[in-house]
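With CSV, N, CA, C and O atoms inside, this is model_26.csv:
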chain,number,residue,atom,x,y,z
A,1,MET,N,-0.1,0.7,-12.1
A,1,MET,CA,0.2,1.4,-10.9
A,1,MET,C,-0.6,2.7,-10.8
A,1,MET,O,-0.7,3.4,-11.8
A,2,LYS,N,-1.0,3.0,-9.6
A,2,LYS,CA,-1.8,4.2,-9.4
A,2,LYS,C,-1.0,5.5,-9.6
A,2,LYS,O,0.2,5.5,-9.0
A,3,GLU,N,-1.5,6.4,-10.2
A,3,GLU,CA,-0.7,7.7,-10.4
A,3,GLU,C,-0.6,8.4,-9.1
A,3,GLU,O,-1.6,8.6,-8.4
A,4,VAL,N,0.6,8.8,-8.8
A,4,VAL,CA,0.8,9.6,-7.5
A,4,VAL,C,0.8,11.0,-7.9
A,4,VAL,O,1.6,11.5,-8.7
A,5,ASN,N,-0.2,11.7,-7.2
A,5,ASN,CA,-0.3,13.2,-7.4
A,5,ASN,C,-0.5,13.8,-6.0
A,5,ASN,O,-0.6,13.1,-5.0
A,6,LYS,N,-0.7,15.1,-6.0
A,6,LYS,CA,-0.8,15.8,-4.7
A,6,LYS,C,-2.1,15.4,-4.0
A,6,LYS,O,-2.1,15.2,-2.8
A,7,GLU,N,-3.1,15.1,-4.7
A,7,GLU,CA,-4.4,14.7,-4.1
A,7,GLU,C,-4.2,13.3,-3.4
A,7,GLU,O,-4.8,13.1,-2.3
A,8,VAL,N,-3.5,12.4,-4.1
A,8,VAL,CA,-3.3,11.1,-3.5
A,8,VAL,C,-2.5,11.2,-2.2
A,8,VAL,O,-2.7,10.6,-1.2
A,9,LEU,N,-1.4,12.1,-2.3
A,9,LEU,CA,-0.6,12.3,-1.1
A,9,LEU,C,-1.4,12.9,0.1
A,9,LEU,O,-1.3,12.5,1.2
A,10,LYS,N,-2.3,13.9,-0.3
A,10,LYS,CA,-3.1,14.5,0.8
A,10,LYS,C,-4.1,13.5,1.4
A,10,LYS,O,-4.4,13.5,2.6
A,11,ALA,N,-4.6,12.6,0.5
A,11,ALA,CA,-5.6,11.6,1.0
A,11,ALA,C,-4.8,10.6,2.0
A,11,ALA,O,-5.4,10.2,3.0
A,12,ALA,N,-3.6,10.2,1.6
A,12,ALA,CA,-2.8,9.3,2.4
A,12,ALA,C,-2.5,10.0,3.7
A,12,ALA,O,-2.6,9.4,4.8
A,13,ALA,N,-2.1,11.3,3.7
A,13,ALA,CA,-1.8,12.0,4.9
A,13,ALA,C,-3.0,12.1,5.8
A,13,ALA,O,-2.9,12.0,7.0
A,14,SER,N,-4.2,12.3,5.2
A,14,SER,CA,-5.4,12.4,6.0
A,14,SER,C,-5.7,11.1,6.7
A,14,SER,O,-6.1,11.1,7.9
A,15,LYS,N,-5.5,10.0,6.0
A,15,LYS,CA,-5.7,8.7,6.6
A,15,LYS,C,-4.7,8.4,7.8
A,15,LYS,O,-5.1,7.7,8.7
A,16,LEU,N,-3.5,9.0,7.7
A,16,LEU,CA,-2.5,8.9,8.7
A,16,LEU,C,-2.6,10.0,9.8
A,16,LEU,O,-1.8,10.0,10.7
A,17,LEU,N,-3.7,10.8,9.7
A,17,LEU,CA,-4.0,11.8,10.6
A,17,LEU,C,-2.9,12.9,10.8
A,17,LEU,O,-2.6,13.3,11.9
A,18,PHE,N,-2.3,13.3,9.6
A,18,PHE,CA,-1.4,14.5,9.7
A,18,PHE,C,-1.6,15.3,8.4
A,18,PHE,O,-2.2,14.8,7.4
A,19,ASP,N,-1.1,16.5,8.4
A,19,ASP,CA,-1.2,17.3,7.3
A,19,ASP,C,0.1,18.1,7.1
A,19,ASP,O,0.9,18.2,8.1
A,20,MET,N,0.4,18.6,5.9
A,20,MET,CA,1.6,19.3,5.6
A,20,MET,C,1.3,20.6,4.8
A,20,MET,O,0.1,20.7,4.4
A,21,LYS,N,2.2,21.4,4.7
A,21,LYS,CA,2.1,22.6,3.9
A,21,LYS,C,2.1,22.2,2.4
A,21,LYS,O,2.6,21.2,2.1
A,22,ASP,N,1.6,23.0,1.5
A,22,ASP,CA,1.5,22.7,0.1
A,22,ASP,C,2.9,22.5,-0.5
A,22,ASP,O,3.1,21.6,-1.3
A,23,GLU,N,3.9,23.3,-0.1
A,23,GLU,CA,5.2,23.2,-0.6
A,23,GLU,C,5.9,21.9,-0.1
A,23,GLU,O,6.7,21.3,-0.8
A,24,GLU,N,5.5,21.4,1.0
A,24,GLU,CA,6.0,20.1,1.5
A,24,GLU,C,5.4,18.9,0.7
A,24,GLU,O,6.1,18.0,0.4
A,25,TYR,N,4.1,19.1,0.3
A,25,TYR,CA,3.5,18.1,-0.6
A,25,TYR,C,4.2,18.1,-2.0
A,25,TYR,O,4.5,17.1,-2.6
A,26,ASP,N,4.6,19.3,-2.5
A,26,ASP,CA,5.3,19.4,-3.7
A,26,ASP,C,6.7,18.7,-3.6
A,26,ASP,O,7.1,18.0,-4.6
A,27,THR,N,7.4,18.9,-2.5
A,27,THR,CA,8.7,18.2,-2.3
A,27,THR,C,8.5,16.7,-2.3
A,27,THR,O,9.3,16.0,-2.9
A,28,LEU,N,7.5,16.3,-1.6
A,28,LEU,CA,7.2,14.8,-1.4
A,28,LEU,C,6.9,14.2,-2.8
A,28,LEU,O,7.3,13.1,-3.2
A,29,LEU,N,6.1,15.0,-3.6
A,29,LEU,CA,5.7,14.5,-4.9
A,29,LEU,C,7.0,14.4,-5.8
A,29,LEU,O,7.1,13.4,-6.6
A,30,GLU,N,7.9,15.3,-5.7
A,30,GLU,CA,9.1,15.3,-6.5
A,30,GLU,C,9.9,14.0,-6.1
A,30,GLU,O,10.5,13.3,-7.0
A,31,GLU,N,10.0,13.7,-4.8
A,31,GLU,CA,10.7,12.6,-4.3
A,31,GLU,C,10.0,11.3,-4.8
A,31,GLU,O,10.7,10.3,-5.2
A,32,PHE,N,8.7,11.2,-4.9
A,32,PHE,CA,8.0,10.1,-5.4
A,32,PHE,C,8.4,9.8,-6.8
A,32,PHE,O,8.6,8.7,-7.3
A,33,HIS,N,8.4,10.9,-7.6
A,33,HIS,CA,8.8,10.8,-9.1
A,33,HIS,C,10.2,10.3,-9.2
A,33,HIS,O,10.4,9.5,-10.1
A,34,ILE,N,11.1,10.7,-8.4
A,34,ILE,CA,12.5,10.2,-8.4
A,34,ILE,C,12.5,8.7,-8.1
A,34,ILE,O,13.1,7.9,-8.8
A,35,ILE,N,11.8,8.3,-7.1
A,35,ILE,CA,11.7,6.9,-6.7
A,35,ILE,C,11.1,6.0,-7.8
A,35,ILE,O,11.7,5.0,-8.1
A,36,ILE,N,10.0,6.5,-8.4
A,36,ILE,CA,9.4,5.7,-9.4
A,36,ILE,C,10.3,5.6,-10.6
A,36,ILE,O,10.4,4.5,-11.3
A,37,ALA,N,11.1,6.7,-11.0
A,37,ALA,CA,12.0,6.6,-12.1
A,37,ALA,C,13.1,5.6,-11.8
A,37,ALA,O,13.5,4.8,-12.7
A,38,GLN,N,13.6,5.5,-10.5
A,38,GLN,CA,14.6,4.6,-10.2
A,38,GLN,C,14.1,3.2,-10.2
A,38,GLN,O,14.8,2.2,-10.6
A,39,LEU,N,12.8,3.0,-9.8
A,39,LEU,CA,12.2,1.6,-9.9
A,39,LEU,C,12.1,1.2,-11.3
A,39,LEU,O,12.2,0.0,-11.7
A,40,LYS,N,11.8,2.1,-12.2
A,40,LYS,CA,11.6,1.8,-13.7
A,40,LYS,C,13.0,1.3,-14.3
A,40,LYS,O,13.0,0.6,-15.2
A,41,LEU,N,14.1,1.8,-13.7
A,41,LEU,CA,15.4,1.3,-14.2
A,41,LEU,C,15.6,-0.2,-14.0
A,41,LEU,O,16.3,-0.9,-14.7
A,42,MET,N,14.8,-0.8,-13.0
A,42,MET,CA,14.9,-2.2,-12.8
A,42,MET,C,14.3,-3.0,-14.0
A,42,MET,O,14.7,-4.2,-14.2
A,43,ASP,N,13.5,-2.4,-14.7
A,43,ASP,CA,12.9,-3.0,-15.9
A,43,ASP,C,13.9,-3.4,-16.9
A,43,ASP,O,13.8,-4.2,-17.8
A,44,ASP,N,15.0,-2.6,-16.9
A,44,ASP,CA,16.1,-2.8,-17.9
A,44,ASP,C,17.0,-4.0,-17.5
A,44,ASP,O,17.9,-4.4,-18.3
A,45,ILE,N,16.9,-4.5,-16.4
A,45,ILE,CA,17.7,-5.7,-15.9
A,45,ILE,C,17.2,-6.9,-16.6
A,45,ILE,O,16.1,-7.3,-16.5
A,46,LYS,N,18.2,-7.6,-17.3
A,46,LYS,CA,17.8,-8.8,-18.1
A,46,LYS,C,17.5,-9.9,-17.1
A,46,LYS,O,18.1,-10.1,-16.1
A,47,ASP,N,16.5,-10.7,-17.5
A,47,ASP,CA,16.1,-11.9,-16.8
A,47,ASP,C,15.8,-11.7,-15.3
A,47,ASP,O,16.1,-12.6,-14.5
A,48,LEU,N,15.4,-10.5,-14.9
A,48,LEU,CA,15.2,-10.3,-13.5
A,48,LEU,C,14.0,-11.1,-12.9
A,48,LEU,O,14.1,-11.7,-11.8
A,49,ALA,N,13.0,-11.3,-13.7
A,49,ALA,CA,11.9,-12.1,-13.3
A,49,ALA,C,12.2,-13.6,-13.1
A,49,ALA,O,11.5,-14.3,-12.3
A,50,SER,N,13.2,-14.1,-13.8
A,50,SER,CA,13.5,-15.5,-13.7
A,50,SER,C,14.4,-15.8,-12.5
A,50,SER,O,14.6,-17.0,-12.2
A,51,ASN,N,14.9,-14.8,-11.8
A,51,ASN,CA,15.7,-15.1,-10.6
A,51,ASN,C,14.8,-15.0,-9.3
A,51,ASN,O,14.0,-14.1,-9.2
A,52,PRO,N,15.0,-16.0,-8.5
A,52,PRO,CA,14.1,-16.0,-7.2
A,52,PRO,C,14.6,-14.9,-6.3
A,52,PRO,O,15.7,-14.5,-6.3
A,53,PRO,N,13.6,-14.3,-5.5
A,53,PRO,CA,14.0,-13.3,-4.6
A,53,PRO,C,14.9,-13.8,-3.5
A,53,PRO,O,14.8,-15.0,-3.1
A,54,LEU,N,15.8,-13.0,-3.0
A,54,LEU,CA,16.7,-13.3,-2.0
A,54,LEU,C,16.0,-13.2,-0.6
A,54,LEU,O,15.6,-12.1,-0.2
A,55,SER,N,15.9,-14.3,0.1
A,55,SER,CA,15.3,-14.3,1.4
A,55,SER,C,16.3,-14.4,2.5
A,55,SER,O,16.0,-14.0,3.6
A,56,PHE,N,17.4,-15.0,2.3
A,56,PHE,CA,18.4,-15.2,3.3
A,56,PHE,C,19.8,-15.1,2.6
A,56,PHE,O,20.0,-15.8,1.6
A,57,PRO,N,20.7,-14.3,3.1
A,57,PRO,CA,22.0,-14.1,2.4
A,57,PRO,C,22.9,-15.4,2.3
A,57,PRO,O,23.8,-15.4,1.6
A,58,TYR,N,22.7,-16.4,3.2
A,58,TYR,CA,23.5,-17.5,3.2
A,58,TYR,C,22.9,-18.7,2.4
A,58,TYR,O,21.7,-19.0,2.6
A,59,VAL,N,23.6,-19.2,1.5
A,59,VAL,CA,23.1,-20.3,0.7
A,59,VAL,C,22.9,-21.6,1.6
A,59,VAL,O,21.8,-22.2,1.5
A,60,ASP,N,23.8,-21.8,2.4
A,60,ASP,CA,23.7,-23.0,3.4
A,60,ASP,C,23.1,-22.5,4.7
A,60,ASP,O,23.7,-21.8,5.5
A,61,GLU,N,21.8,-22.7,4.9
A,61,GLU,CA,21.1,-22.2,6.0
A,61,GLU,C,21.5,-22.8,7.4
A,61,GLU,O,21.2,-22.3,8.4
A,62,SER,N,22.3,-23.9,7.3
A,62,SER,CA,22.8,-24.5,8.5
A,62,SER,C,24.0,-23.7,9.0
A,62,SER,O,24.4,-23.8,10.2
A,63,PHE,N,24.6,-22.8,8.2
A,63,PHE,CA,25.7,-21.9,8.6
A,63,PHE,C,25.1,-20.6,9.1
A,63,PHE,O,24.3,-20.0,8.5
A,64,SER,N,25.5,-20.2,10.3
A,64,SER,CA,25.0,-18.9,10.8
A,64,SER,C,26.1,-18.3,11.7
A,64,SER,O,26.8,-19.0,12.4
A,65,LEU,N,26.3,-17.0,11.5
A,65,LEU,CA,27.2,-16.3,12.4
A,65,LEU,C,26.6,-15.9,13.7
A,65,LEU,O,27.3,-15.3,14.6
A,66,LEU,N,25.3,-16.2,13.9
A,66,LEU,CA,24.7,-15.8,15.1
A,66,LEU,C,24.9,-16.9,16.2
A,66,LEU,O,25.0,-18.1,15.9
A,67,ARG,N,25.1,-16.4,17.4
A,67,ARG,CA,25.4,-17.3,18.5
A,67,ARG,C,24.1,-17.9,19.0
A,67,ARG,O,23.0,-17.4,18.9
A,68,GLU,N,24.2,-19.0,19.7
A,68,GLU,CA,23.1,-19.6,20.4
A,68,GLU,C,22.8,-18.7,21.6
A,68,GLU,O,23.7,-18.3,22.3
A,69,ASP,N,21.5,-18.4,21.8
A,69,ASP,CA,21.2,-17.6,22.9
A,69,ASP,C,20.9,-18.4,24.2
A,69,ASP,O,19.8,-18.8,24.5
A,70,GLU,N,22.0,-18.7,24.9
A,70,GLU,CA,21.9,-19.5,26.1
A,70,GLU,C,22.4,-18.6,27.3
A,70,GLU,O,23.6,-18.2,27.2
A,71,PRO,N,21.6,-18.4,28.3
A,71,PRO,CA,22.1,-17.5,29.4
A,71,PRO,C,23.2,-18.2,30.2
A,71,PRO,O,23.2,-19.4,30.4
A,72,ASN,N,24.1,-17.4,30.6
A,72,ASN,CA,25.2,-17.8,31.5
A,72,ASN,C,24.8,-17.6,32.9
A,72,ASN,O,24.6,-16.4,33.3
A,73,GLU,N,24.5,-18.6,33.6
A,73,GLU,CA,24.0,-18.5,35.0
A,73,GLU,C,24.8,-17.6,35.9
A,73,GLU,O,24.4,-17.0,36.8
A,74,ALA,N,26.2,-17.6,35.7
A,74,ALA,CA,27.1,-16.8,36.5
A,74,ALA,C,26.9,-15.3,36.3
A,74,ALA,O,27.2,-14.5,37.2
A,75,ASP,N,26.3,-14.9,35.1
A,75,ASP,CA,26.1,-13.5,34.8
A,75,ASP,C,24.8,-13.0,35.3
A,75,ASP,O,24.6,-11.8,35.2
A,76,LEU,N,23.9,-13.9,35.7
A,76,LEU,CA,22.5,-13.4,36.0
A,76,LEU,C,22.5,-12.8,37.5
A,76,LEU,O,23.2,-13.3,38.4
A,77,LEU,N,21.7,-11.8,37.7
A,77,LEU,CA,21.6,-11.2,39.0
A,77,LEU,C,20.2,-11.6,39.5
A,77,LEU,O,19.2,-11.7,38.8
A,78,ASN,N,20.1,-11.7,40.9
A,78,ASN,CA,18.8,-12.0,41.5
A,78,ASN,C,18.2,-10.7,41.8
A,78,ASN,O,18.8,-9.6,41.7
A,79,LYS,N,16.9,-10.7,42.1
A,79,LYS,CA,16.1,-9.5,42.3
A,79,LYS,C,16.6,-8.6,43.4
A,79,LYS,O,16.7,-7.4,43.2
A,80,GLU,N,17.1,-9.2,44.4
A,80,GLU,CA,17.6,-8.4,45.5
A,80,GLU,C,18.9,-7.6,45.1
A,80,GLU,O,19.1,-6.4,45.5
A,81,GLU,N,19.8,-8.3,44.3
A,81,GLU,CA,21.0,-7.6,43.9
A,81,GLU,C,20.7,-6.4,43.0
A,81,GLU,O,21.3,-5.3,43.1
A,82,VAL,N,19.7,-6.6,42.1
A,82,VAL,CA,19.2,-5.5,41.2
A,82,VAL,C,18.7,-4.3,42.1
A,82,VAL,O,19.0,-3.2,41.8
A,83,LEU,N,17.8,-4.6,43.0
A,83,LEU,CA,17.1,-3.6,43.8
A,83,LEU,C,18.1,-2.8,44.7
A,83,LEU,O,17.9,-1.7,45.0
A,84,ASN,N,19.2,-3.5,45.1
A,84,ASN,CA,20.2,-2.8,45.9
A,84,ASN,C,21.0,-1.8,45.0
A,84,ASN,O,21.6,-0.9,45.6
A,85,ASN,N,20.9,-1.9,43.7
A,85,ASN,CA,21.7,-0.9,42.9
A,85,ASN,C,20.8,0.2,42.3
A,85,ASN,O,21.3,1.0,41.6
A,86,VAL,N,19.6,0.3,42.7
A,86,VAL,CA,18.7,1.3,42.1
A,86,VAL,C,18.5,2.4,43.2
A,86,VAL,O,18.6,2.2,44.4
A,87,LYS,N,18.2,3.6,42.6
A,87,LYS,CA,18.0,4.8,43.5
A,87,LYS,C,16.7,4.7,44.3
A,87,LYS,O,16.7,5.0,45.5
A,88,ASP,N,15.7,4.2,43.7
A,88,ASP,CA,14.4,4.2,44.3
A,88,ASP,C,13.6,2.9,43.9
A,88,ASP,O,13.6,2.6,42.7
A,89,SER,N,13.0,2.2,44.8
A,89,SER,CA,12.2,1.0,44.5
A,89,SER,C,11.0,1.1,45.4
A,89,SER,O,10.9,1.7,46.4
A,90,LYS,N,9.9,0.3,44.9
A,90,LYS,CA,8.7,0.3,45.6
A,90,LYS,C,8.0,-1.1,45.3
A,90,LYS,O,7.9,-1.5,44.2
A,91,GLU,N,7.7,-1.8,46.4
A,91,GLU,CA,7.1,-3.1,46.3
A,91,GLU,C,7.8,-4.1,45.4
A,91,GLU,O,7.2,-4.8,44.6
A,92,GLY,N,9.1,-4.1,45.5
A,92,GLY,CA,9.9,-5.0,44.7
A,92,GLY,C,10.1,-4.6,43.2
A,92,GLY,O,10.5,-5.4,42.4
A,93,GLN,N,9.8,-3.4,42.9
A,93,GLN,CA,9.9,-2.9,41.5
A,93,GLN,C,10.7,-1.6,41.5
A,93,GLN,O,10.7,-0.9,42.5
A,94,ILE,N,11.4,-1.4,40.4
A,94,ILE,CA,12.2,-0.2,40.2
A,94,ILE,C,11.3,1.0,40.0
A,94,ILE,O,10.4,0.9,39.1
A,95,LYS,N,11.4,2.0,40.8
A,95,LYS,CA,10.5,3.2,40.6
A,95,LYS,C,11.3,4.2,39.8
A,95,LYS,O,12.4,4.6,40.1
A,96,LEU,N,10.6,4.6,38.7
A,96,LEU,CA,11.2,5.6,37.8
A,96,LEU,C,10.4,6.9,37.8
A,96,LEU,O,9.3,6.9,38.1
A,97,PRO,N,11.1,8.0,37.4
A,97,PRO,CA,10.4,9.3,37.3
A,97,PRO,C,9.4,9.3,36.2
A,97,PRO,O,9.5,8.6,35.2
A,98,LYS,N,8.3,10.1,36.4
A,98,LYS,CA,7.3,10.2,35.3
A,98,LYS,C,7.9,10.8,34.1
A,98,LYS,O,8.5,11.8,34.2
A,99,VAL,N,7.6,10.2,32.9
A,99,VAL,CA,8.2,10.7,31.7
A,99,VAL,C,7.2,11.3,30.7
A,99,VAL,O,7.5,11.9,29.7
A,100,VAL,N,5.9,11.0,31.0
A,100,VAL,CA,4.8,11.5,30.1
A,100,VAL,C,4.0,12.5,30.9
A,100,VAL,O,3.7,12.3,32.0
A,101,GLY,N,3.8,13.7,30.2
A,101,GLY,CA,3.1,14.8,30.9
A,101,GLY,C,1.7,14.6,31.1
A,101,GLY,O,0.9,13.8,30.8

Kindly present the structure from the file in structure tokens form.
Amino acid sequence: MKEVNKEVLKAAASKLLFDMKDEEYDTLLEEFHIIIAQLKLMDDIKDLASNPPLSFPYVDESFSLLREDEPNEADLLNKEEVLNNVKDSKEGQIKLPKVVG
């Protein structure tokens, strides 16, 4: 595993096009050391490598609590009903105020 130090964090920040103050890098570095220490605790778990990773919480994949996504035709609105409920429309589309400067 690559050693995480302040230079590595600064290089990563540079690639992501942002920068921080030196004390913020120190705080981030401390947090990385805590995370790495917590990950090393997983090495103490017996037979961890022999257990397959969990990809789905249900053993029987035919069982699902999710509903089938089928639209109810009675609940659907047509375009005219929608446009009657908006404050402003233009050429069959809802007109919204500008949100980006």

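Relative to atom O of A:Pro97, atom N of A:Phe18 is found at 28.6 Å.
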
#### Entry: Minimum-distance residue to A:Tyr25, chosen among A:Leu48, A:Met42, A:Leu77, A:Leu9 (using only N, CA, C and O atoms)
A:Leu9

### Task
List every residue of chain A that DSSP, applied to the backbone of this structure, assigns to strand (DSSP E), and report them as a PyMOL selection string.
chain A and resi 89-90+93-94

### Message
I need the helix (DSSP H, G or I) residues of chain A per DSSP on the backbone, written as a ChimeraX atom specification.
### Response
/A:6-15,22-44,73-75,79-84

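The two atoms in question, atom CA of A:His33 and atom O of A:Lys21, are spaced 16.5 Å apart.
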
### Query
What does the distance between atom CA of A:Lys40 and atom CA of A:Lys2 come to in Å, to one decimal place?
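It comes out at 14.3 Å.
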